[in-house]
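**Student:** So that we are looking at the same thing, I have put the structure below in structure tokens.
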Amino acid sequence: MSASLVAPLPERSAAIAQARRELIHGEAPRSRSAVRIEPWILRSWERCLAAGRQPQQRISFEPVARSAEHEAAERNRALVSAARPVIERLSRAIADTRYFAVLTDAEGIVVDVGPLPDGTEADSRYARNIARVGVDLSERAVGTSAISTALAEQESVWLHRGEHFFEDTSIYSCAGAPLFGPRGDCIGMLDLTGVQAVERPELRHLATLSARSIENMLVLNQPCELRLHLSWPGCPRGEATDGLLCIDADGTVAGANAAARQMLHEPLARSPHALHCNDLFAMPLDMLFDAARRGDAVLEVPLWSGLRVQVRPQRGGKGSAVVVPEARPRLRDVEAALIRKAVADARGNVAEAARTLGISRATVYRKLWRGRASGSAD
């Protein structure tokens, strides 16, 4: 193996120290080439300064009150359960790097930790300071960190030593990725931290992928009647790329992962908890349930945007089944379902579906739109 593949990253401490003097302490720049600091770090520094904080202030790493800790544990039981197997795998991947995993809730309170690495007594003490369930690692408590910036910016980050605001935290290097729940809200973050460790910015990518695995596990654990695995036609399937949708018995979207929200974009971004399948797919809901009952491997389903996705439908689980009384279908619903099926059979070609049905293309659009509007209103 060539030396270039194993050479350590150049040390950035001097450049970071100069940035602190200029951006935190107000020292005049030494040259026109300003020291580069990531914008999310600069924003966090500015928030700390605006709150009257000074870098030399001591940090106690105090846990929250016992009642608040218990409350956080109860509130995040599903998150911890979904994250634990991922953290176990992750801890094996980083076992030789002297980094460890920390899981927090959306407020920055630690709710779970991975095994701590061996190290000196001082390093172990610094690790134990933050790797305790109930410790407050939010920006208000410990200033700039991967935890606070990932939660504030809602994107993955990397910070090295002096990029933390307080001097007490300048011995840490950390990667962080936010965690989003099945309804699309930020519910916590995953942090990988090293104490006086070699800089490993590639851990940002590992933290991001691990966070997606936790989110997928949360969706898979979500009680539902129908679970849809989405992928683009011709693209390889995988955990990092597959969309996941949870559907209730009445067709309401009960949850989705990040890939599904990106694939379906605007509809899911608006209101995933109030969205109906009919707003997403130009295909009757009954056809998806029937395919799941038959065990069909993959369906190619048209979207209202004109795009098509591959769908693997599966019966849901995890919880008691929802029993919905059978209602007599309304004429307009039957009519809309037949039109949607014709559009689906025509692979999204509305003109061809109209010819098959013997009606005008305008009538197809009008009746489909009326069916979608009435389904949303109901």
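Residues are named by chain letter and number: chains run A, B, ... in the order of the structure tokens, numbers start at 1 in each chain, and ligands are numbered from 1 in the order shown.
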Could you pull the residues within 8 Å of A:Ala240, counting only C-alpha atoms, minus those fewer than 5 positions along the same chain, as a PyMOL selection string?

**Tutor:** chain A and resi 209+212-213+259

**Student:** Residues at most 12 Å from A:His160, counting only C-alpha atoms, excluding those fewer than 2 positions away in the same chain, as a ChimeraX atom specification?

**Tutor:** /A:9,11-17,37-38,41,144-146,157-158,162-165,169-176,192-201,203-204

**Student:** Near A:Arg128, counting only C-alpha atoms, which residues have an atom at most 10 Å away, once you skip same-chain residues fewer than 4 positions from it, shown as JSON, numbers by chain?

**Tutor:** {"A": [61, 116, 122, 123, 124, 132]}

**Student:** Among the residues of stretch 89-178 of chain A, find those DSSP assigns to helix (DSSP H, G or I) from the backbone and print them as number ranges by chain.

**Tutor:** A: 89-93, 121-130, 139-142, 146-153, 161-163, 167-169

**Student:** Do a neighbour search on stretch 337-342 of chain A at 6 Å with only C-alpha atoms, toss out local chain neighbours closer than 3 positions, and write the hits as a list of chain:residue names.

**Tutor:**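 So the residues in contact are A:Ala282, A:Met283, A:Pro284, A:Val334, A:Asp345, A:Ala353.
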
**Student:** Can you write just those residues out, N, CA, C and O atoms, as a PDB file, in the first residue's frame?

**Tutor:**
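And here is the file that came out, out-v1.pdb:
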```pdb
ATOM      1  N   ALA A 282     -51.141   7.220  -9.200  1.00  0.00           N
ATOM      2  CA  ALA A 282     -52.253   7.196 -10.151  1.00  0.00           C
ATOM      3  C   ALA A 282     -52.712   5.754 -10.331  1.00  0.00           C
ATOM      4  O   ALA A 282     -52.739   5.204 -11.441  1.00  0.00           O
ATOM      5  N   MET A 283     -53.058   5.130  -9.228  1.00  0.00           N
ATOM      6  CA  MET A 283     -53.484   3.736  -9.204  1.00  0.00           C
ATOM      7  C   MET A 283     -54.391   3.543  -8.001  1.00  0.00           C
ATOM      8  O   MET A 283     -54.118   4.083  -6.925  1.00  0.00           O
ATOM      9  N   PRO A 284     -55.466   2.787  -8.126  1.00  0.00           N
ATOM     10  CA  PRO A 284     -56.364   2.576  -6.986  1.00  0.00           C
ATOM     11  C   PRO A 284     -55.637   1.917  -5.821  1.00  0.00           C
ATOM     12  O   PRO A 284     -54.823   1.006  -6.009  1.00  0.00           O
ATOM     13  N   VAL A 334     -66.137   4.419  -7.531  1.00  0.00           N
ATOM     14  CA  VAL A 334     -65.956   3.308  -8.475  1.00  0.00           C
ATOM     15  C   VAL A 334     -65.514   3.845  -9.838  1.00  0.00           C
ATOM     16  O   VAL A 334     -64.597   3.309 -10.481  1.00  0.00           O
ATOM     17  N   ASP A 345     -53.046   1.015 -16.613  1.00  0.00           N
ATOM     18  CA  ASP A 345     -52.852   0.031 -17.684  1.00  0.00           C
ATOM     19  C   ASP A 345     -52.195   0.666 -18.903  1.00  0.00           C
ATOM     20  O   ASP A 345     -51.460   0.000 -19.643  1.00  0.00           O
ATOM     21  N   ALA A 353     -55.653   6.056 -22.312  1.00  0.00           N
ATOM     22  CA  ALA A 353     -56.687   5.615 -21.375  1.00  0.00           C
ATOM     23  C   ALA A 353     -58.051   6.169 -21.781  1.00  0.00           C
ATOM     24  O   ALA A 353     -59.074   5.469 -21.695  1.00  0.00           O
TER      25      ALA A 353
END
```

**Student:** Mind checking which residues fall within 6 Å of stretch 231-234 of chain A, counting only C-alpha atoms, ignoring those fewer than 4 positions away in the same chain, and posting them as a VMD selection string?

**Tutor:** chain A and resid 242 309 to 310

**Student:** DSSP says strand (DSSP E or B) for which residues of stretch 206-257 of chain A? Put them as a VMD selection string?

**Tutor:** chain A and resid 226 to 231 243 to 247 252 to 256

**Student:** Counting only C-alpha atoms, give me one row per residue of stretch 60-81 of chain A with an atom at most 10 Å from an atom of stretch 97-107 of chain A, showing the shortest contact pair and its distance in Å to one decimal, sorted by chain then residue number, as CSV.

**Tutor:**
```
residue,atom,partner,partner_atom,distance
A:Ala72,CA,A:Asp105,CA,7.6
A:Ala73,CA,A:Asp105,CA,9.2
A:Arg75,CA,A:Asp105,CA,9.1
A:Asn76,CA,A:Asp105,CA,7.1
A:Leu79,CA,A:Asp105,CA,8.5
A:Val80,CA,A:Leu103,CA,8.0
```

**Student:** I need the chosen residues saved as a PDB file, in the first residue's frame, with C-alpha atoms.

**Tutor:**
```
ATOM      1  CA  ALA A  72     -36.608  11.759  27.861  1.00  0.00           C
ATOM      2  CA  ALA A  73     -36.057   8.002  28.190  1.00  0.00           C
ATOM      3  CA  ARG A  75     -40.275   9.688  25.045  1.00  0.00           C
ATOM      4  CA  ASN A  76     -37.376   8.193  23.071  1.00  0.00           C
ATOM      5  CA  LEU A  79     -35.623   5.723  18.960  1.00  0.00           C
ATOM      6  CA  VAL A  80     -33.253   3.906  21.335  1.00  0.00           C
TER       7      VAL A  80
END
```

**Student:** Give me the residues within 10 Å of A:Asp290 as a list in words, counting only C-alpha atoms and dropping any in the same chain fewer than 5 places off.

**Tutor:**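 The filter keeps Leu285, Gly295, Asp296, Pro313 and Arg315 of chain A.
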
**Student:** Between A:Gln222, A:Ser305, A:Gln262, A:Ser67, which has the minimum distance to A:Thr241 (counting only C-alpha atoms)?

**Tutor:**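 Of the candidates, the smallest distance to A:Thr241 is held by A:Gln262.
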
**Student:** With only C-alpha atoms as the basis for distance, which of A:Ile94, A:Val298, A:Val253, A:Ala50 is at the shortest distance from A:Gln314?

**Tutor:**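 Closest residue, counting only C-alpha atoms: A:Val298.
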
**Student:** Would you mind listing what lies within 9 Å of A:Ala152 as a PyMOL selection string, with only C-alpha atoms counted and same-chain residues fewer than 2 positions away left out?

**Tutor:** chain A and resi 40+44+139+147-150+154-155

**Student:** How far is it from atom CA of A:Ala51 to atom CA of A:Val111, in Å with one decimal?

**Tutor:** 26.3 Å

**Student:** What's the separation between atom CA of A:Ala68 and atom CA of A:Pro182, in Å to one decimal place?

**Tutor:**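 These atoms are spaced 24.1 Å apart.
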